[in-house]
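Okay, query-v3.json now, which holds JSON, C-alpha atoms:
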[["chain", "number", "residue", "atom", "x", "y", "z"],
["A", 1165, "MET", "CA", 65.44, 94.05, 126.08],
["A", 1166, "LYS", "CA", 66.21, 92.81, 122.60],
["A", 1167, "MET", "CA", 69.89, 92.90, 121.60],
["A", 1168, "PRO", "CA", 70.73, 94.77, 118.36],
["A", 1169, "THR", "CA", 71.31, 92.56, 115.32],
["A", 1170, "LYS", "CA", 71.94, 95.06, 112.51],
["A", 1171, "PRO", "CA", 74.98, 97.37, 112.15],
["A", 1172, "ILE", "CA", 72.78, 100.46, 112.34],
["A", 1173, "GLU", "CA", 71.38, 99.27, 115.68],
["A", 1174, "TYR", "CA", 74.93, 98.80, 116.99],
["A", 1175, "LEU", "CA", 75.83, 102.33, 115.89],
["A", 1176, "ALA", "CA", 72.71, 103.70, 117.55],
["A", 1177, "LEU", "CA", 73.54, 101.86, 120.78],
["A", 1178, "LEU", "CA", 77.15, 103.08, 120.61],
["A", 1179, "GLY", "CA", 75.92, 106.64, 120.07],
["A", 1180, "ILE", "CA", 73.63, 106.39, 123.09],
["A", 1181, "LEU", "CA", 76.47, 105.07, 125.25],
["A", 1182, "ILE", "CA", 78.78, 107.89, 124.11],
["A", 1183, "LEU", "CA", 76.05, 110.44, 124.85],
["A", 1184, "ILE", "CA", 75.56, 109.00, 128.34],
["A", 1185, "GLY", "CA", 79.35, 109.16, 128.88],
["A", 1186, "LEU", "CA", 79.46, 112.80, 127.77],
["A", 1187, "ILE", "CA", 76.63, 113.67, 130.11],
["A", 1188, "ALA", "CA", 78.13, 111.76, 133.05],
["A", 1189, "PHE", "CA", 81.71, 113.07, 132.68],
["A", 1190, "PRO", "CA", 80.97, 116.59, 133.97],
["A", 1191, "VAL", "CA", 79.16, 115.02, 136.94],
["A", 1192, "PHE", "CA", 82.28, 112.99, 137.80],
["A", 1193, "GLN", "CA", 84.51, 116.03, 137.25],
["A", 1194, "GLN", "CA", 82.29, 118.07, 139.56],
["A", 1195, "ALA", "CA", 82.48, 115.38, 142.22],
["A", 1196, "LYS", "CA", 86.27, 115.43, 141.91],
["A", 1197, "ASN", "CA", 86.35, 119.23, 142.27],
["A", 1198, "GLY", "CA", 83.23, 119.42, 144.45],
["A", 1199, "GLY", "CA", 84.93, 120.80, 147.55],
["A", 1200, "ARG", "CA", 86.63, 123.51, 145.54],
["A", 1201, "ASN", "CA", 83.40, 124.47, 143.77],
["A", 1202, "ILE", "CA", 81.43, 124.54, 147.03],
["A", 1203, "CYS", "CA", 83.99, 126.78, 148.74],
["A", 1204, "LEU", "CA", 84.20, 129.17, 145.80],
["A", 1205, "SER", "CA", 80.41, 129.28, 145.57],
["A", 1206, "ARG", "CA", 79.96, 130.03, 149.27],
["A", 1207, "VAL", "CA", 82.48, 132.88, 149.28],
["A", 1208, "LYS", "CA", 80.82, 134.26, 146.13],
["A", 1209, "GLN", "CA", 77.33, 134.05, 147.67],
["A", 1210, "LEU", "CA", 78.45, 135.78, 150.87],
["A", 1211, "ALA", "CA", 80.10, 138.53, 148.82],
["A", 1212, "MET", "CA", 77.01, 139.01, 146.65],
["A", 1213, "ALA", "CA", 74.75, 139.11, 149.74],
["A", 1214, "SER", "CA", 77.05, 141.80, 151.19],
["A", 1215, "LEU", "CA", 76.88, 143.84, 148.00],
["A", 1216, "PHE", "CA", 73.08, 143.48, 147.85],
["A", 1217, "TYR", "CA", 72.95, 144.66, 151.46],
["A", 1218, "SER", "CA", 74.98, 147.74, 150.51],
["A", 1219, "GLU", "CA", 72.54, 148.49, 147.68],
["A", 1220, "ASP", "CA", 69.74, 148.76, 150.22],
["A", 1221, "PHE", "CA", 71.76, 150.91, 152.64],
["A", 1222, "ASP", "CA", 73.01, 153.78, 150.51],
["A", 1223, "GLN", "CA", 76.06, 151.79, 149.31],
["A", 1224, "ARG", "CA", 77.27, 151.29, 152.90],
["A", 1225, "LEU", "CA", 78.65, 147.90, 153.83],
["A", 1226, "MET", "CA", 77.86, 146.08, 157.05],
["A", 1227, "ASN", "CA", 79.32, 146.76, 160.47],
["A", 1228, "ARG", "CA", 82.28, 144.44, 160.99],
["A", 1229, "ASP", "CA", 80.97, 143.31, 164.38],
["A", 1230, "TYR", "CA", 77.79, 141.74, 162.98],
["A", 1231, "TRP", "CA", 78.26, 141.40, 159.23],
["A", 1232, "MET", "CA", 76.93, 137.82, 159.08],
["A", 1233, "ASP", "CA", 73.90, 138.85, 161.12],
["A", 1234, "ALA", "CA", 73.15, 141.66, 158.65],
["A", 1235, "ILE", "CA", 72.98, 139.64, 155.43],
["A", 1236, "PRO", "CA", 70.82, 136.49, 155.91],
["A", 1237, "GLU", "CA", 67.85, 137.95, 154.07],
["A", 1238, "TYR", "CA", 70.12, 138.44, 151.06],
["A", 1239, "HIS", "CA", 71.19, 134.79, 150.78],
["A", 1240, "LYS", "CA", 68.43, 132.75, 152.50],
["A", 1241, "ASN", "CA", 70.72, 129.76, 153.16],
["A", 1242, "ARG", "CA", 72.47, 129.81, 156.52],
["A", 1243, "SER", "CA", 74.63, 126.81, 155.60],
["A", 1244, "ILE", "CA", 76.75, 128.96, 153.25],
["A", 1245, "GLU", "CA", 78.07, 130.80, 156.31],
["A", 1246, "HIS", "CA", 80.04, 127.68, 157.28],
["A", 1247, "CYS", "CA", 83.21, 126.71, 155.41],
["A", 1248, "PRO", "CA", 82.81, 123.09, 154.27],
["A", 1249, "ALA", "CA", 86.42, 122.32, 155.21],
["A", 1250, "ILE", "CA", 85.75, 123.42, 158.79],
["A", 1251, "SER", "CA", 82.49, 121.48, 158.85],
["A", 1252, "ALA", "CA", 84.27, 118.32, 157.69],
["A", 1253, "GLU", "CA", 86.98, 118.70, 160.34],
["A", 1254, "THR", "CA", 84.56, 119.44, 163.19],
["A", 1255, "HIS", "CA", 81.64, 117.20, 162.21],
["A", 1256, "GLN", "CA", 79.24, 120.05, 161.48],
["A", 1257, "ASN", "CA", 79.93, 122.09, 164.62],
["A", 1258, "PRO", "CA", 77.41, 124.95, 164.28],
["A", 1259, "SER", "CA", 79.55, 127.39, 166.27],
["A", 1260, "LEU", "CA", 82.45, 127.36, 163.77],
["A", 1261, "TYR", "CA", 82.35, 129.34, 160.52],
["A", 1262, "GLY", "CA", 85.70, 129.98, 158.80],
["A", 1263, "TYR", "CA", 85.04, 133.18, 156.83],
["A", 1264, "ALA", "CA", 86.02, 136.75, 157.67],
["A", 1265, "PHE", "CA", 84.99, 140.24, 156.54],
["A", 1266, "ASN", "CA", 87.57, 142.92, 155.75],
["A", 1267, "SER", "CA", 87.22, 145.18, 158.80],
["A", 1268, "ARG", "CA", 88.63, 148.14, 156.87],
["A", 1269, "LEU", "CA", 85.36, 148.18, 154.92],
["A", 1270, "SER", "CA", 83.12, 148.39, 158.00],
["A", 1271, "LEU", "CA", 80.34, 150.91, 157.30],
["A", 1272, "GLN", "CA", 82.27, 152.23, 154.28],
["A", 1273, "ARG", "CA", 80.58, 153.18, 151.02],
["A", 1274, "ALA", "CA", 81.30, 150.45, 148.49],
["A", 1275, "ASP", "CA", 80.92, 152.79, 145.52],
["A", 1276, "GLU", "CA", 83.61, 155.20, 146.76],
["A", 1277, "LYS", "CA", 86.46, 152.68, 146.55],
["A", 1278, "SER", "CA", 88.49, 153.26, 143.40],
["A", 1279, "ASP", "CA", 90.25, 149.88, 143.44],
["A", 1280, "GLN", "CA", 87.25, 147.60, 143.95],
["A", 1281, "GLU", "CA", 88.80, 144.76, 141.96],
["A", 1282, "LYS", "CA", 91.75, 144.69, 144.40],
["A", 1283, "THR", "CA", 89.90, 145.28, 147.68],
["A", 1284, "PRO", "CA", 89.23, 142.02, 149.60],
["A", 1285, "LEU", "CA", 85.71, 141.73, 150.97],
["A", 1286, "ILE", "CA", 85.12, 138.21, 152.38],
["A", 1287, "TYR", "CA", 87.68, 135.42, 152.53],
["A", 1288, "ASP", "CA", 88.74, 132.14, 154.11],
["A", 1289, "SER", "CA", 89.96, 132.77, 157.63],
["A", 1290, "VAL", "CA", 91.65, 131.02, 160.55],
["A", 1291, "ASN", "CA", 89.24, 132.93, 162.79],
["A", 1292, "LEU", "CA", 86.33, 130.49, 163.11],
["A", 1293, "ALA", "CA", 83.97, 132.79, 165.02],
["A", 1294, "ARG", "CA", 80.69, 134.06, 163.67],
["A", 1295, "ASN", "CA", 81.09, 137.63, 162.37],
["A", 1296, "ALA", "CA", 84.89, 137.27, 162.20],
["A", 1297, "SER", "CA", 86.59, 140.34, 160.81],
["A", 1298, "ASP", "CA", 90.10, 141.72, 160.51],
["A", 1299, "PRO", "CA", 92.10, 143.89, 158.10],
["A", 1300, "PHE", "CA", 92.69, 140.89, 155.76],
["A", 1301, "ILE", "CA", 95.34, 139.21, 157.90],
["A", 1302, "SER", "CA", 93.72, 135.89, 158.85],
["A", 1303, "LEU", "CA", 94.08, 133.81, 155.68],
["A", 1304, "PRO", "CA", 94.90, 130.20, 156.56],
["A", 1305, "ASN", "CA", 98.52, 129.29, 155.85],
["A", 1306, "PRO", "CA", 98.66, 126.61, 154.69],
["A", 1307, "PRO", "CA", 95.18, 126.78, 153.18],
["A", 1308, "ARG", "CA", 92.62, 124.31, 154.46],
["A", 1309, "VAL", "CA", 91.87, 122.09, 151.47],
["A", 1310, "HIS", "CA", 91.63, 124.10, 148.28],
["A", 1311, "ARG", "CA", 93.78, 123.14, 145.31],
["A", 1312, "GLU", "CA", 94.26, 125.32, 142.26],
["A", 1313, "GLY", "CA", 96.42, 123.57, 139.66],
["A", 1314, "GLY", "CA", 98.01, 121.47, 142.42],
["A", 1315, "VAL", "CA", 98.92, 124.56, 144.46],
["A", 1316, "ALA", "CA", 97.19, 125.30, 147.76],
["A", 1317, "ALA", "CA", 94.94, 128.36, 147.71],
["A", 1318, "ASN", "CA", 92.42, 130.32, 149.76],
["A", 1319, "PHE", "CA", 89.28, 131.85, 148.24],
["A", 1320, "VAL", "CA", 88.97, 135.61, 148.40],
["A", 1321, "SER", "CA", 86.04, 137.73, 147.20],
["A", 1322, "TYR", "CA", 86.61, 141.31, 146.17],
["A", 1323, "LEU", "CA", 84.54, 144.46, 146.38],
["A", 1324, "ASP", "CA", 83.67, 144.32, 142.68],
["A", 1325, "GLY", "CA", 82.02, 140.90, 143.26],
["A", 1326, "HIS", "CA", 84.56, 138.54, 141.73],
["A", 1327, "VAL", "CA", 86.14, 135.65, 143.62],
["A", 1328, "LYS", "CA", 89.47, 134.04, 142.96],
["A", 1329, "PRO", "CA", 91.86, 131.66, 144.64],
["A", 1330, "MET", "CA", 94.85, 133.28, 146.30],
["A", 1331, "THR", "CA", 97.71, 130.83, 145.99],
["A", 1332, "VAL", "CA", 100.40, 130.58, 148.58],
["A", 1333, "GLY", "CA", 102.92, 128.56, 146.57],
["A", 1334, "LEU", "CA", 103.02, 125.34, 148.58],
["A", 1335, "PRO", "CA", 104.54, 122.33, 146.82],
["A", 1336, "LYS", "CA", 102.31, 119.69, 145.25],
["A", 1337, "GLN", "CA", 101.51, 116.75, 147.49]]

Please re-express this file's structure in C-alpha cells.
Amino acid sequence: MKMPTKPIEYLALLGILILIGLIAFPVFQQAKNGGRNICLSRVKQLAMASLFYSEDFDQRLMNRDYWMDAIPEYHKNRSIEHCPAISAETHQNPSLYGYAFNSRLSLQRADEKSDQEKTPLIYDSVNLARNASDPFISLPNPPRVHREGGVAANFVSYLDGHVKPMTVGLPKQ
C-alpha cells in the first residue's frame, strides 16, 4: 500500500480512521455491556412470547405449572430460557434456568388487568427450575450480575410488554 504524500491524502486517511473508530466504538460498548443487554433481551423475548401466546388463546396467559413449555413456538430459540448469569456459573447446565413467571397471572386474561404497566410478568429468579413460578417473591437479592448505573438490579418484564431493571440499592463495588 502506498503511503499518502499530499495533505488531502492525509486528511482522507484521517477521516477513514475516524469513521472506523466511530463504527467500532458501539461494538466495544456493547461488549462492555453485553451481559446486561443479553439478560434484558432474554427477559423481553420471554415476555413477548408470553403475550403472543395470550393473543392466540383468547387473551389468557399460560398455566404457571408449564409456562415455558407453552411458549417455545413463539420464540423459536430455547437458549433464551436460560439466564446467562446462571449458565456462566454452572457451565451451561441445561437443567437450570433462572427466570420465573408471576403465578398470580396463571390462566388470567391479560387484557382485563387495569395496571398492566405495573404487573410483573417474567423476571429474574432464585428458583432455577424450568417453569418456575411464584407471586413475584423470588427476585435474587443481591442480583446475579446486572449493573444499572453502578447499582445492582434484576430485570423484570411487565404485562404491557416493557422490561426494566429493578434496582435494589446495593453499594457500588

Might you pull out every residue within 6 Å of Phe1319 in chain A, with only C-alpha atoms counted and same-chain residues fewer than 2 positions away left off, and present them as a VMD selection string?
-> chain A and resid 1287 to 1288 1328 to 1329

List every protein, DNA or RNA residue that has at least one atom no more than 10 Å from (91.0, 149.0, 156.4) in the file's coordinates, counting all atoms listed in the file, and write the result as a ChimeraX atom specification.
-> /A:1266-1270,1272,1283-1284,1298-1300

Take CA of Ile1202 in chain A and CA of Asp1233 in chain A and report the distance between them in Å, one decimal.
->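 Distance reported for this atom pair: 21.4 Å.
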
Do you know which residues are at most 12 Å from Pro1236 in chain A counting all atoms listed in the file, after dropping those on the same chain fewer than 4 positions away, and could you put them as a list in words?
->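 Listing them by chain and then by number gives Gln1209, Leu1210, Ala1211, Met1212, Ala1213, Ser1214, Phe1216, Tyr1217, Met1226, Tyr1230, Trp1231, Met1232, Lys1240, Asn1241, Arg1242, Ser1243, Ile1244 and Glu1245 of chain A.
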
Same residues, C-alpha atoms, output as a PDB file, keeping the file's coordinate frame:
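Wrote it out as part-v7.pdb, contents follow:
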ATOM      1  CA  GLN A1209      77.330 134.050 147.670  1.00  0.00           C
ATOM      2  CA  LEU A1210      78.450 135.780 150.870  1.00  0.00           C
ATOM      3  CA  ALA A1211      80.100 138.530 148.820  1.00  0.00           C
ATOM      4  CA  MET A1212      77.010 139.010 146.650  1.00  0.00           C
ATOM      5  CA  ALA A1213      74.750 139.110 149.740  1.00  0.00           C
ATOM      6  CA  SER A1214      77.050 141.800 151.190  1.00  0.00           C
ATOM      7  CA  PHE A1216      73.080 143.480 147.850  1.00  0.00           C
ATOM      8  CA  TYR A1217      72.950 144.660 151.460  1.00  0.00           C
ATOM      9  CA  MET A1226      77.860 146.080 157.050  1.00  0.00           C
ATOM     10  CA  TYR A1230      77.790 141.740 162.980  1.00  0.00           C
ATOM     11  CA  TRP A1231      78.260 141.400 159.230  1.00  0.00           C
ATOM     12  CA  MET A1232      76.930 137.820 159.080  1.00  0.00           C
ATOM     13  CA  LYS A1240      68.430 132.750 152.500  1.00  0.00           C
ATOM     14  CA  ASN A1241      70.720 129.760 153.160  1.00  0.00           C
ATOM     15  CA  ARG A1242      72.470 129.810 156.520  1.00  0.00           C
ATOM     16  CA  SER A1243      74.630 126.810 155.600  1.00  0.00           C
ATOM     17  CA  ILE A1244      76.750 128.960 153.250  1.00  0.00           C
ATOM     18  CA  GLU A1245      78.070 130.800 156.310  1.00  0.00           C
TER      19      GLU A1245
END

Select, from A:Phe1265, A:Gln1280, A:Cys1203, A:Ala1274, the residue with the minimum atom-to-atom distance to Pro1248 in chain A, counting only C-alpha atoms.
->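 When distances to Pro1248 in chain A are compared using only C-alpha atoms, the smallest one comes from A:Cys1203.
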
Which of these residues is nearest to Asn1227 in chain A, using all atoms listed in the file: A:Val1290, A:Ala1296, A:Ala1316, A:Ile1250?
->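 Nearest candidate to Asn1227 in chain A out of A:Val1290, A:Ala1296, A:Ala1316, A:Ile1250: A:Ala1296.
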
Give the padded box for range 1205-1212 of chain A as AutoDock Vina command-line options: axis-aligned, covering all atoms listed in the file, 5 Å on each side, centre and edge lengths in Å to one decimal.
--center_x 79.7 --center_y 134.1 --center_z 148.2 --size_x 15.5 --size_y 19.7 --size_z 15.3

What is the distance, in Å and to one decimal place, between CA of Val1320 in chain A and CA of Tyr1263 in chain A?
-> 9.6 Å

Using all atoms listed in the file, find the one residue out of A:Leu1225, A:Val1207, A:Ile1172, A:Ile1184 that sits nearest to Glu1276 in chain A.
->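 For Glu1276 in chain A, the nearest of the given residues is A:Leu1225.
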